[in-house]
Structure formats: C-alpha cells, structure tokens
$ cat start_10.pdb   # PDB, C-alpha atoms, pLDDT in the B column
ATOM      1  CA  VAL A 216      35.889 -17.086 -22.323  1.00 93.00           C
ATOM      2  CA  ALA A 217      39.639 -17.740 -22.413  1.00 94.00           C
ATOM      3  CA  TYR A 218      39.905 -15.777 -25.686  1.00 95.00           C
ATOM      4  CA  LEU A 219      37.993 -12.636 -24.697  1.00 96.00           C
ATOM      5  CA  SER A 220      39.718  -9.303 -25.278  1.00 96.00           C
ATOM      6  CA  ASN A 221      42.076  -7.859 -22.663  1.00 96.00           C
ATOM      7  CA  PHE A 222      40.955  -4.322 -23.526  1.00 96.00           C
ATOM      8  CA  THR A 223      37.260  -4.264 -22.759  1.00 96.00           C
ATOM      9  CA  LYS A 224      34.694  -4.645 -19.949  1.00 96.00           C
ATOM     10  CA  ILE A 225      33.316  -8.146 -19.404  1.00 97.00           C
ATOM     11  CA  TYR A 226      30.000  -8.865 -17.679  1.00 98.00           C
ATOM     12  CA  ILE A 227      29.361 -12.403 -16.415  1.00 97.00           C
ATOM     13  CA  GLY A 228      25.746 -13.494 -15.995  1.00 95.00           C
ATOM     14  CA  LYS A 229      24.452 -15.869 -13.319  1.00 93.00           C
ATOM     15  CA  GLN A 230      26.109 -19.297 -13.534  1.00 91.00           C
ATOM     16  CA  THR A 231      26.194 -22.550 -11.629  1.00 89.00           C
ATOM     17  CA  PRO A 232      29.091 -22.602  -9.106  1.00 94.00           C
ATOM     18  CA  HIS A 233      30.905 -25.165 -11.286  1.00 95.00           C
ATOM     19  CA  VAL A 234      30.731 -23.009 -14.417  1.00 94.00           C
ATOM     20  CA  LEU A 235      31.556 -19.784 -12.545  1.00 96.00           C
ATOM     21  CA  LYS A 236      34.687 -21.417 -11.122  1.00 97.00           C
ATOM     22  CA  LYS A 237      35.840 -22.292 -14.656  1.00 97.00           C
ATOM     23  CA  ILE A 238      35.108 -18.766 -15.917  1.00 97.00           C
ATOM     24  CA  LYS A 239      37.138 -17.220 -13.103  1.00 97.00           C
ATOM     25  CA  TYR A 240      40.011 -19.599 -13.852  1.00 97.00           C
ATOM     26  CA  TYR A 241      40.106 -18.676 -17.546  1.00 97.00           C
ATOM     27  CA  LEU A 242      39.846 -14.954 -16.817  1.00 97.00           C
ATOM     28  CA  ARG A 243      42.476 -14.954 -14.059  1.00 96.00           C
ATOM     29  CA  ASN A 244      45.066 -13.230 -16.275  1.00 95.00           C
ATOM     30  CA  ASN A 245      42.644 -11.155 -18.357  1.00 97.00           C
ATOM     31  CA  LYS A 246      43.390  -7.438 -17.957  1.00 96.00           C
ATOM     32  CA  SER A 247      39.822  -6.338 -18.751  1.00 97.00           C
ATOM     33  CA  ASN A 248      37.498  -5.054 -16.065  1.00 96.00           C
ATOM     34  CA  VAL A 249      35.422  -8.151 -15.207  1.00 97.00           C
ATOM     35  CA  VAL A 250      32.043  -7.665 -13.495  1.00 97.00           C
ATOM     36  CA  TYR A 251      30.824 -10.849 -11.803  1.00 97.00           C
ATOM     37  CA  PRO A 252      27.182 -11.665 -10.933  1.00 96.00           C
ATOM     38  CA  ASN A 253      27.749 -11.214  -7.186  1.00 96.00           C
ATOM     39  CA  THR A 254      27.497  -7.437  -7.806  1.00 96.00           C
ATOM     40  CA  TRP A 255      23.688  -7.690  -8.073  1.00 97.00           C
ATOM     41  CA  ARG A 256      20.792  -9.859  -6.889  1.00 96.00           C
ATOM     42  CA  LEU A 257      17.334 -10.958  -7.992  1.00 96.00           C
ATOM     43  CA  VAL A 258      15.070 -10.428  -4.968  1.00 96.00           C
ATOM     44  CA  LYS A 259      11.536 -11.779  -4.447  1.00 94.00           C
ATOM     45  CA  LYS A 260       9.061 -10.192  -2.026  1.00 94.00           C
ATOM     46  CA  GLY A 261       5.670 -11.859  -2.030  1.00 91.00           C
ATOM     47  CA  ASN A 262       4.832 -12.339  -5.698  1.00 88.00           C
ATOM     48  CA  THR A 263       6.966  -9.406  -6.863  1.00 93.00           C
ATOM     49  CA  PHE A 264      10.563  -9.491  -8.108  1.00 95.00           C
ATOM     50  CA  TYR A 265      13.201  -6.772  -7.794  1.00 97.00           C
ATOM     51  CA  TYR A 266      16.688  -5.965  -9.054  1.00 97.00           C
ATOM     52  CA  ARG A 267      19.074  -5.002  -6.267  1.00 97.00           C
ATOM     53  CA  ASP A 268      22.682  -3.822  -6.051  1.00 96.00           C
ATOM     54  CA  LYS A 269      24.488  -1.711  -3.453  1.00 95.00           C
ATOM     55  CA  ASN A 270      23.075   1.529  -4.892  1.00 95.00           C
ATOM     56  CA  ASN A 271      19.831   0.586  -6.680  1.00 96.00           C
ATOM     57  CA  TYR A 272      16.528  -1.177  -6.071  1.00 95.00           C
ATOM     58  CA  LEU A 273      14.215  -1.588  -9.087  1.00 96.00           C
ATOM     59  CA  LYS A 274      10.897  -3.398  -9.395  1.00 95.00           C
ATOM     60  CA  LEU A 275      10.769  -5.894 -12.282  1.00 95.00           C
ATOM     61  CA  ASN A 276       7.371  -4.797 -13.533  1.00 91.00           C
ATOM     62  CA  THR A 277       7.479  -7.283 -16.413  1.00 89.00           C
ATOM     63  CA  LYS A 278       4.309  -8.792 -17.882  1.00 82.00           C
ATOM     64  CA  ASN A 279       5.733 -11.376 -20.286  1.00 83.00           C
ATOM     65  CA  VAL A 280       8.532 -12.944 -18.233  1.00 86.00           C
ATOM     66  CA  TYR A 281       7.784 -16.163 -16.370  1.00 82.00           C
ATOM     67  CA  SER A 282      10.955 -17.887 -15.179  1.00 82.00           C
ATOM     68  CA  LYS A 283      13.796 -17.279 -12.742  1.00 85.00           C
ATOM     69  CA  GLY A 284      16.411 -17.675 -15.484  1.00 84.00           C
ATOM     70  CA  MET A 285      14.793 -15.010 -17.643  1.00 87.00           C
ATOM     71  CA  ARG A 286      14.447 -12.639 -14.683  1.00 92.00           C
ATOM     72  CA  GLU A 287      18.150 -13.127 -13.941  1.00 94.00           C
ATOM     73  CA  ASN A 288      18.911 -12.258 -17.575  1.00 92.00           C
ATOM     74  CA  ILE A 289      16.910  -9.049 -17.153  1.00 95.00           C
ATOM     75  CA  CYS A 290      18.781  -8.181 -13.947  1.00 97.00           C
ATOM     76  CA  HIS A 291      22.058  -8.754 -15.798  1.00 97.00           C
ATOM     77  CA  ALA A 292      20.899  -6.338 -18.524  1.00 96.00           C
ATOM     78  CA  ILE A 293      19.795  -3.784 -15.908  1.00 97.00           C
ATOM     79  CA  LYS A 294      23.247  -3.891 -14.291  1.00 98.00           C
ATOM     80  CA  ILE A 295      24.896  -3.183 -17.661  1.00 98.00           C
ATOM     81  CA  ALA A 296      22.377  -0.439 -18.514  1.00 97.00           C
ATOM     82  CA  LEU A 297      22.953   1.310 -15.182  1.00 97.00           C
ATOM     83  CA  ASP A 298      26.715   1.158 -15.686  1.00 97.00           C
ATOM     84  CA  LEU A 299      26.164   2.786 -19.095  1.00 97.00           C
ATOM     85  CA  ASN A 300      24.401   5.641 -17.230  1.00 97.00           C
ATOM     86  CA  ILE A 301      20.970   4.822 -18.646  1.00 97.00           C
ATOM     87  CA  LYS A 302      18.482   6.444 -16.287  1.00 96.00           C
ATOM     88  CA  LYS A 303      16.508   4.248 -13.900  1.00 95.00           C
ATOM     89  CA  LYS A 304      13.251   5.816 -15.095  1.00 95.00           C
ATOM     90  CA  ILE A 305      13.947   4.750 -18.697  1.00 96.00           C
ATOM     91  CA  ILE A 306      14.770   1.191 -17.583  1.00 96.00           C
ATOM     92  CA  GLN A 307      11.643   1.031 -15.426  1.00 94.00           C
ATOM     93  CA  ASN A 308       9.422   2.314 -18.256  1.00 95.00           C
ATOM     94  CA  ILE A 309      10.665  -0.257 -20.797  1.00 93.00           C
ATOM     95  CA  LEU A 310      10.316  -3.360 -18.588  1.00 94.00           C
ATOM     96  CA  PRO A 311       6.525  -3.874 -19.069  1.00 92.00           C
ATOM     97  CA  SER A 312       6.958  -4.199 -22.856  1.00 88.00           C
ATOM     98  CA  LEU A 313       9.923  -6.570 -22.616  1.00 88.00           C
ATOM     99  CA  SER A 314       9.512 -10.116 -23.961  1.00 82.00           C
ATOM    100  CA  PHE A 315      11.743 -12.913 -25.266  1.00 82.00           C
ATOM    101  CA  GLU A 316      10.597 -14.356 -28.584  1.00 85.00           C
ATOM    102  CA  GLY A 317      10.687 -18.126 -28.427  1.00 88.00           C
ATOM    103  CA  ARG A 318      11.244 -18.243 -24.664  1.00 88.00           C
ATOM    104  CA  PHE A 319       8.138 -18.908 -22.524  1.00 89.00           C
ATOM    105  CA  HIS A 320       6.338 -17.260 -25.428  1.00 92.00           C
ATOM    106  CA  TYR A 321       2.515 -17.553 -25.439  1.00 94.00           C
ATOM    107  CA  LEU A 322       0.889 -17.367 -28.880  1.00 95.00           C
ATOM    108  CA  ASN A 323      -2.186 -15.299 -28.053  1.00 92.00           C
ATOM    109  CA  LYS A 324      -3.114 -14.537 -31.667  1.00 94.00           C
ATOM    110  CA  GLY A 325      -2.289 -15.722 -35.174  1.00 96.00           C
ATOM    111  CA  LYS A 326      -2.996 -18.629 -37.548  1.00 96.00           C
ATOM    112  CA  ILE A 327      -1.949 -21.371 -35.124  1.00 95.00           C
ATOM    113  CA  LYS A 328      -3.906 -19.886 -32.235  1.00 94.00           C
ATOM    114  CA  ASN A 329      -6.943 -19.748 -34.529  1.00 94.00           C
ATOM    115  CA  LYS A 330      -6.679 -23.502 -35.192  1.00 92.00           C
ATOM    116  CA  LEU A 331      -7.086 -24.317 -31.499  1.00 96.00           C
ATOM    117  CA  PHE A 332     -10.241 -24.784 -29.498  1.00 96.00           C
ATOM    118  CA  LYS A 333     -11.398 -21.995 -27.216  1.00 94.00           C
ATOM    119  CA  LYS A 334     -10.046 -23.510 -23.972  1.00 96.00           C
ATOM    120  CA  GLU A 335      -6.633 -24.398 -25.407  1.00 97.00           C
ATOM    121  CA  THR A 336      -3.520 -22.269 -24.828  1.00 97.00           C
ATOM    122  CA  ILE A 337      -0.208 -22.690 -26.647  1.00 97.00           C
ATOM    123  CA  MET A 338       3.293 -21.695 -25.583  1.00 96.00           C
ATOM    124  CA  ILE A 339       6.656 -22.117 -27.317  1.00 97.00           C
ATOM    125  CA  ASP A 340      10.000 -22.337 -25.548  1.00 95.00           C
ATOM    126  CA  GLY A 341      13.377 -22.921 -27.161  1.00 93.00           C
ATOM    127  CA  ALA A 342      14.717 -24.778 -24.098  1.00 90.00           C
ATOM    128  CA  HIS A 343      17.282 -27.289 -25.416  1.00 93.00           C
ATOM    129  CA  SER A 344      19.782 -28.009 -22.609  1.00 92.00           C
ATOM    130  CA  PRO A 345      19.356 -29.858 -19.283  1.00 92.00           C
ATOM    131  CA  ALA A 346      19.668 -26.517 -17.437  1.00 87.00           C
ATOM    132  CA  ASP A 347      16.924 -25.077 -19.681  1.00 89.00           C
ATOM    133  CA  SER A 348      14.623 -28.006 -18.950  1.00 93.00           C
ATOM    134  CA  LEU A 349      15.033 -27.459 -15.199  1.00 92.00           C
ATOM    135  CA  ASN A 350      14.020 -23.823 -15.710  1.00 89.00           C
ATOM    136  CA  LEU A 351      11.042 -24.940 -17.813  1.00 93.00           C
ATOM    137  CA  TYR A 352      10.067 -27.522 -15.178  1.00 95.00           C
ATOM    138  CA  SER A 353      10.080 -24.884 -12.412  1.00 91.00           C
ATOM    139  CA  TYR A 354       7.651 -22.728 -14.376  1.00 91.00           C
ATOM    140  CA  LEU A 355       5.338 -25.491 -15.629  1.00 95.00           C
ATOM    141  CA  LYS A 356       4.934 -26.803 -12.060  1.00 94.00           C
ATOM    142  CA  THR A 357       3.076 -23.559 -11.311  1.00 92.00           C
ATOM    143  CA  VAL A 358       0.583 -24.027 -14.195  1.00 94.00           C
ATOM    144  CA  LYS A 359      -2.803 -25.316 -13.039  1.00 94.00           C
ATOM    145  CA  LEU A 360      -3.895 -26.760 -16.410  1.00 96.00           C
ATOM    146  CA  PRO A 361      -3.317 -30.201 -17.966  1.00 97.00           C
ATOM    147  CA  ILE A 362      -0.085 -29.844 -20.002  1.00 98.00           C
ATOM    148  CA  TYR A 363       0.747 -31.540 -23.307  1.00 98.00           C
ATOM    149  CA  GLY A 364       4.127 -31.324 -25.038  1.00 98.00           C
ATOM    150  CA  ILE A 365       5.374 -31.125 -28.639  1.00 98.00           C
ATOM    151  CA  TRP A 366       9.074 -32.045 -28.645  1.00 98.00           C
ATOM    152  CA  ALA A 367      11.696 -31.436 -31.357  1.00 97.00           C
ATOM    153  CA  MET A 368      15.475 -31.315 -30.939  1.00 97.00           C
ATOM    154  CA  SER A 369      18.795 -30.966 -32.783  1.00 94.00           C
ATOM    155  CA  LYS A 370      21.340 -33.808 -32.908  1.00 93.00           C
ATOM    156  CA  ASN A 371      24.073 -31.935 -31.036  1.00 89.00           C
ATOM    157  CA  LYS A 372      21.988 -31.734 -27.837  1.00 93.00           C
ATOM    158  CA  GLU A 373      21.385 -34.183 -24.960  1.00 94.00           C
ATOM    159  CA  PRO A 374      17.777 -35.367 -25.383  1.00 95.00           C
ATOM    160  CA  ASP A 375      17.895 -38.049 -22.677  1.00 95.00           C
ATOM    161  CA  ALA A 376      19.365 -35.758 -19.986  1.00 95.00           C
ATOM    162  CA  PHE A 377      17.024 -32.986 -21.143  1.00 96.00           C
ATOM    163  CA  ILE A 378      13.728 -34.874 -20.933  1.00 97.00           C
ATOM    164  CA  LYS A 379      14.514 -36.524 -17.570  1.00 96.00           C
ATOM    165  CA  ASN A 380      14.130 -33.105 -15.912  1.00 96.00           C
ATOM    166  CA  LEU A 381      10.517 -32.795 -17.112  1.00 97.00           C
ATOM    167  CA  LYS A 382       9.091 -35.911 -15.474  1.00 95.00           C
ATOM    168  CA  GLY A 383       5.647 -35.489 -13.972  1.00 95.00           C
ATOM    169  CA  ILE A 384       4.747 -32.472 -16.129  1.00 97.00           C
ATOM    170  CA  PHE A 385       3.079 -33.749 -19.309  1.00 97.00           C
ATOM    171  CA  LYS A 386      -0.031 -35.824 -19.833  1.00 97.00           C
ATOM    172  CA  LYS A 387       1.435 -36.736 -23.224  1.00 97.00           C
ATOM    173  CA  ILE A 388       4.391 -35.774 -25.424  1.00 98.00           C
ATOM    174  CA  VAL A 389       4.164 -35.822 -29.218  1.00 98.00           C
ATOM    175  CA  THR A 390       7.566 -35.941 -30.919  1.00 98.00           C
ATOM    176  CA  MET A 391       8.321 -34.318 -34.274  1.00 98.00           C
ATOM    177  CA  PRO A 392      11.282 -33.574 -36.565  1.00 97.00           C
ATOM    178  CA  ILE A 393      12.456 -29.999 -37.086  1.00 96.00           C
ATOM    179  CA  GLU A 394      11.226 -29.138 -40.566  1.00 92.00           C
ATOM    180  CA  ASN A 395      13.884 -28.427 -43.214  1.00 89.00           C
ATOM    181  CA  ASP A 396      16.711 -29.213 -40.778  1.00 90.00           C
ATOM    182  CA  LEU A 397      19.130 -32.052 -41.593  1.00 90.00           C
ATOM    183  CA  ASN A 398      20.521 -31.778 -38.050  1.00 92.00           C
ATOM    184  CA  SER A 399      17.182 -32.716 -36.490  1.00 95.00           C
ATOM    185  CA  VAL A 400      16.736 -35.768 -34.278  1.00 96.00           C
ATOM    186  CA  SER A 401      14.040 -37.950 -35.836  1.00 97.00           C
ATOM    187  CA  ALA A 402      10.587 -38.126 -34.277  1.00 97.00           C
ATOM    188  CA  ASN A 403      11.094 -41.866 -33.857  1.00 97.00           C
ATOM    189  CA  GLU A 404      14.328 -41.464 -31.885  1.00 97.00           C
ATOM    190  CA  LEU A 405      12.794 -38.837 -29.582  1.00 97.00           C
ATOM    191  CA  TYR A 406       9.753 -41.104 -29.158  1.00 98.00           C
ATOM    192  CA  LYS A 407      11.996 -43.988 -28.010  1.00 97.00           C
ATOM    193  CA  ILE A 408      13.761 -41.693 -25.512  1.00 97.00           C
ATOM    194  CA  ALA A 409      10.408 -40.447 -24.179  1.00 97.00           C
ATOM    195  CA  ILE A 410       9.078 -44.010 -23.768  1.00 97.00           C
ATOM    196  CA  LYS A 411      12.327 -45.096 -22.054  1.00 97.00           C
ATOM    197  CA  ASN A 412      11.779 -42.291 -19.522  1.00 96.00           C
ATOM    198  CA  ASN A 413       8.168 -43.414 -18.905  1.00 96.00           C
ATOM    199  CA  PHE A 414       6.372 -40.601 -20.753  1.00 97.00           C
ATOM    200  CA  ILE A 415       3.155 -41.313 -22.610  1.00 97.00           C
ATOM    201  CA  SER A 416       4.267 -40.466 -26.130  1.00 97.00           C
ATOM    202  CA  GLU A 417       3.320 -40.485 -29.799  1.00 97.00           C
ATOM    203  CA  LYS A 418       5.185 -39.711 -33.040  1.00 97.00           C
ATOM    204  CA  SER A 419       4.198 -37.169 -35.687  1.00 97.00           C
ATOM    205  CA  LYS A 420       5.327 -36.173 -39.201  1.00 96.00           C
ATOM    206  CA  ASN A 421       5.446 -32.419 -38.601  1.00 96.00           C
ATOM    207  CA  PHE A 422       4.143 -29.631 -36.367  1.00 96.00           C
ATOM    208  CA  LEU A 423       0.592 -29.520 -37.749  1.00 95.00           C
ATOM    209  CA  ASP A 424       0.342 -33.308 -37.467  1.00 97.00           C
ATOM    210  CA  ALA A 425       1.551 -33.078 -33.843  1.00 97.00           C
ATOM    211  CA  LEU A 426      -1.022 -30.387 -33.109  1.00 96.00           C
ATOM    212  CA  LYS A 427      -3.827 -32.600 -34.508  1.00 96.00           C
ATOM    213  CA  LYS A 428      -2.791 -35.423 -32.163  1.00 96.00           C
ATOM    214  CA  ILE A 429      -3.176 -33.140 -29.127  1.00 97.00           C
ATOM    215  CA  SER A 430      -5.864 -30.556 -29.899  1.00 96.00           C
ATOM    216  CA  SER A 431      -9.330 -31.161 -28.428  1.00 96.00           C
ATOM    217  CA  LYS A 432     -12.088 -29.301 -26.594  1.00 96.00           C
ATOM    218  CA  GLU A 433     -10.403 -30.164 -23.274  1.00 96.00           C
ATOM    219  CA  GLU A 434      -8.868 -27.193 -21.445  1.00 97.00           C
ATOM    220  CA  LYS A 435      -5.074 -27.477 -21.651  1.00 98.00           C
ATOM    221  CA  LEU A 436      -1.712 -25.850 -22.205  1.00 98.00           C
ATOM    222  CA  ILE A 437       0.267 -27.078 -25.227  1.00 98.00           C
ATOM    223  CA  VAL A 438       4.018 -26.511 -24.844  1.00 98.00           C
ATOM    224  CA  CYS A 439       6.314 -26.716 -27.895  1.00 97.00           C
ATOM    225  CA  PHE A 440       9.887 -27.154 -26.665  1.00 97.00           C
ATOM    226  CA  GLY A 441      13.389 -28.479 -27.369  1.00 96.00           C
ATOM    227  CA  SER A 442      14.615 -26.254 -30.206  1.00 95.00           C
ATOM    228  CA  LEU A 443      14.883 -22.548 -30.971  1.00 93.00           C
ATOM    229  CA  TYR A 444      14.944 -23.483 -34.684  1.00 94.00           C
ATOM    230  CA  ASN A 445      11.580 -25.163 -34.270  1.00 95.00           C
ATOM    231  CA  CYS A 446      10.253 -22.117 -32.394  1.00 95.00           C
ATOM    232  CA  GLY A 447      11.239 -20.040 -35.429  1.00 94.00           C
ATOM    233  CA  ASN A 448       9.364 -22.416 -37.728  1.00 95.00           C
ATOM    234  CA  ILE A 449       6.280 -22.232 -35.530  1.00 96.00           C
ATOM    235  CA  LEU A 450       6.391 -18.433 -35.376  1.00 95.00           C
ATOM    236  CA  ASN A 451       6.594 -18.356 -39.185  1.00 94.00           C
ATOM    237  CA  LYS A 452       3.514 -20.577 -39.413  1.00 94.00           C
ATOM    238  CA  ASN A 453       1.692 -18.375 -36.934  1.00 95.00           C
TER     239      ASN A 453
END
$ encode --input "start_10.pdb" --output "structure tokens"
Amino acid sequence: VAYLSNFTKIYIGKQTPHVLKKIKYYLRNNKSNVVYPNTWRLVKKGNTFYYRDKNNYLKLNTKNVYSKGMRENICHAIKIALDLNIKKKIIQNILPSLSFEGRFHYLNKGKIKNKLFKKETIMIDGAHSPADSLNLYSYLKTVKLPIYGIWAMSKNKEPDAFIKNLKGIFKKIVTMPIENDLNSVSANELYKIAIKNNFISEKSKNFLDALKKISSKEEKLIVCFGSLYNCGNILNKN
C-alpha cells in the first residue's frame, strides 16, 4: 500500500480495524483520491442482502454467493462500477450470473461429481488464512448436513491458526499434499496439526485417495479447503 501511485484513484475494500488503521497510515501522504469502505454498506433485511451508499440501494440478487466476505467484495465492486458510471440496471442484471471460481464453489456436474454417491455434495474453497477460515466457519455453521473436510495447504501459510477457527464443523478431516507443488505442507504434518487440535483425522496420498476415504452412501457435504492451488487441481480433474 505504501508504494501505490500518487496519480490514480485507490479503492480500499472492507478490512479489520487493525488493518484499516495501517492502510490509512501508509496512505496519509498519498496524493491519489482514496475511497475508503465507509462510503458504502452491506445491508441485510430478512434473508436478503443489499448494497447501500448515500445515493444508491441495490439488491444483491446473487445465486452463487454464500458468505459475508464475498458479498462485501461484490459491494466493493459495485461501488467502483457506479463511480465508473456503469448503469445500475446493468449491474443488477449481471449479479445473478456472478460466481467466484474456487471460493464456496459447489461442483454440481463433472467427473468428480459423477464419482460421488447420490446424496453427497462437494464444495471447494481456497480459504488459506485465519481470516478466511472464520469466513468459512460462518457459512458452514448454516449447513444442515454432516460435513467432511479435505485439507491441503502451502508452507507459507499458518495451518495451526487456520484450522483452530474450524472447530466443531467437521465429522472428519482427511489431509492431503497439493499435487505437483514443492511448496506443499505434507499430509502427515497437516494430520499432526489436526490431531493436536482435536479433529478426527486421516492422511491420504492425493485427492482421489482422500475422496475414497470419505465417500459413502451417507448424505453429506464434502469441503475441500486450504489452498487455491489445490482448488485449481480439483477443477482440472473435474
């Protein structure tokens, strides 16, 4: 942030108070026009979410967006689009088709979906930071199915801090390495971290091996999480 151009327009998305304070400090002498996230709000009425600023009020008629963090990202994009004079009608029309590949992404068709039993559902999410896992936790708490996890992660992350935020969610976690990635945490190391944090856990050699250790006729949601790289691998397999 400290090295952003002085000759542009900078939009800051929603942040924790601690991070926002740091951003404001580093931008204190920046001559660009800085737009902070207090210029808009994500509003919930009943089960419906809305974008709101001093001049606009738009319904977030999204079908494939499931978490607060993702809705805030959409509101951020709406603010920028409106400032670029994109018409509200165009924004409203595009929202139903909006989705984030690899983020709260349900695989409703494809080779992997075809391997599962009829009552099984699978979702991938590239959550890989402690803040991401809190966002994932908030969503998974609303799911009424038994939930099983497939966990992979890169070495430059914080696996212990990450997994602590997901306590009470999974019936079992199967750990796996990220295929073809030298920067992957081993399945064994993730397994030890999961056991230390009192998760029922098991190791696997790869994604298909992990899937075999979970898949059954029991109704469930399978969540693959911890790495966007691994989400990419899974999407390729699907």
$ residues_around --input "start_10.pdb" --residues "range 219-221 of chain A" --least-positions-apart "3" --cutoff "7 Å" --atoms "only C-alpha atoms" --output "compact mmCIF listing (two decimals) with C-alpha atoms, in the coordinates of the input"
# COMPACT_ATOMS: atom_id res chain seq x y z
CA VAL A 216 35.89 -17.09 -22.32
CA ASN A 245 42.64 -11.16 -18.36
CA LYS A 246 43.39 -7.44 -17.96
CA SER A 247 39.82 -6.34 -18.75
$ atom_distance --input "start_10.pdb" --atom1 "CA of Met285 in chain A" --atom2 "CA of Tyr321 in chain A"
14.8 Å
$ closest_residue --input "start_10.pdb" --among "A:Thr390, A:Gln307, A:Ser419, A:Asn445" --to "Asn271 in chain A" --atoms "only C-alpha atoms"
A:Gln307
$ closest_residue --input "start_10.pdb" --among "A:Thr336, A:Asn300, A:Ser442, A:Ser399" --to "Trp366 in chain A" --atoms "all atoms listed in the file"
A:Ser442
$ atom_distance --input "start_10.pdb" --atom1 "CA of Ser344 in chain A" --atom2 "CA of Ser416 in chain A"
20.2 Å
$ resolve_selection --input "start_10.pdb" --expression "the PyMOL selection byres ((chain A and resi 356) around 12)" --output "list in words"
Tyr281, Ser282, Ser348, Leu349, Asn350, Leu351, Tyr352, Ser353, Tyr354, Leu355, Thr357, Val358, Lys359, Leu360, Pro361, Ile362, Asn380, Leu381, Lys382, Gly383, Ile384 and Phe385 of chain A
$ resolve_selection --input "start_10.pdb" --expression "the PyMOL selection byres ((chain A and resi 452) around 12)" --output "MDAnalysis selection string"
chainID A and resid 322 324:330 394 422:423 445:451 453
$ atom_distance --input "start_10.pdb" --atom1 "CA of Ile365 in chain A" --atom2 "CA of Lys379 in chain A"
15.3 Å
$ resolve_selection --input "start_10.pdb" --expression "the PyMOL selection byres ((chain A and resi 266) around 10)" --output "list in words"
Trp255, Arg256, Leu257, Val258, Lys259, Phe264, Tyr265, Arg267, Asp268, Asn271, Tyr272, Leu273, Lys274, Leu275, Arg286, Glu287, Ile289, Cys290, His291, Ile293 and Lys294 of chain A
$ residues_around --input "start_10.pdb" --residues "Met368 in chain A" --least-positions-apart "4" --cutoff "9 Å" --atoms "all atoms listed in the file" --output "list of chain:residue names"
A:His343, A:Lys372, A:Glu373, A:Pro374, A:Met391, A:Pro392, A:Ile393, A:Asn398, A:Ser399, A:Val400, A:Ser401, A:Leu405, A:Phe440, A:Gly441, A:Ser442, A:Leu443, A:Tyr444, A:Asn445
$ axis_aligned_box --input "start_10.pdb" --around "range 287-293 of chain A" --padding-each-side "6 Å" --output "AutoDock Vina command-line options"
--center_x 19.5 --center_y -8.5 --center_z -16.2 --size_x 17.1 --size_y 21.3 --size_z 16.6
